[in-house]
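Okay, structure first, notes after.
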Amino acid sequence: MPEPVLIYTDGSSRGNPGPGGYGVILKHGGIEKELSKGYRYTTNNRMELLAVIEGLKALRKKELSVMVYSDSQYVVKAVKEGWLKKWIATNFKGGKKNPDLWKELYLLLQKNEVSFRWIKGHADNPFNIRCDQLATQAAIHADLEVDHYYEENAG
């Protein structure tokens, strides 16, 4: 079995909602790539989700074995415990948050064999710590993107 692609992710917001960012590290075959971006007004959960989405979007091939490491119980449990499939089946009935990102993640999960593993945040995993640094730096950067869905639909 081929070596899996490892994706480490983290999201951050300075205030919740507030300026936010995500950080991603992709590792495969001795190659390591970092991704990050900041947004002017968003939530921590949106950035946690977006980190996973951007990590999966960065994969150039399909049908890969992928292991996603996240410190977000929200993201990991939604996939591992089947919540996401239920939300998709009911079209997010009951006002589930972040349907735009969940739908995008659901489609990306169909392209590869993706597993999720929860890791304790900001503890002893150097890749999680680096992702946190990337996310935090992105959130405080001067040139922040607009999270259009959130800003148009927030409270």
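If you're wondering about the labels, chains in the structure tokens are A, B, ... by order shown, residues count from 1 in each chain, ligands from 1 in order shown.
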
Residues of chain A classed as strand (DSSP E or B) by DSSP on the backbone are to be reported as a PyMOL selection string. chain A and resi 5-13+18-28+31-42+65-70+113-118+145

Where in range 23-84 of chain A does DSSP assign helix (DSSP H, G or I), given as a VMD selection string? chain A and resid 44 to 57 73 to 80 83 to 84

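Residue nearest Tyr150 in chain A, chosen from A:Lys57, A:Lys111, A:Arg40, A:Arg14 and counting only C-alpha atoms: A:Arg40.
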
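Summary of the local environment: counting only C-alpha atoms, residues at most 9 Å from His141 in chain A, other than itself and those fewer than 2 positions away along its chain, are Lys37, Gly38, Tyr39, Thr136, Gln137, Ala138, Ala139, Asp143 and Leu144 of chain A.
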
Within 8 Å of Leu101 in chain A, counting only C-alpha atoms, which residues qualify if same-chain residues fewer than 5 places away don't, as a compact mmCIF listing (two decimals) with C-alpha atoms, in the first residue's frame?
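New file result.txt:
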# COMPACT_ATOMS: atom_id res chain seq x y z
CA ARG A 46 -14.98 28.05 9.51
CA LEU A 49 -13.00 23.53 8.04
CA LEU A 50 -11.33 25.69 5.42
CA ILE A 53 -10.68 21.92 2.40

Close residues, range 81-94 of chain A itself excluded, 12 Å, only C-alpha atoms, min 6 positions apart in chain, as number ranges by chain: A: 73-75, 100-107, 109-110, 115-116

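Using only C-alpha atoms, the smallest distance between any of A:Ile140, A:Met67, A:Tyr41, A:Ala154 and Lys97 in chain A comes from A:Ala154.
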
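The two atoms in question, CA of Gly29 in chain A and CA of Asp132 in chain A, are spaced 23.2 Å apart.
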
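Among the candidate residues A:Glu48, A:Glu63, A:Glu145, A:Glu54, the one lying nearest to Gly121 in chain A is A:Glu48, with distances computed using only C-alpha atoms.
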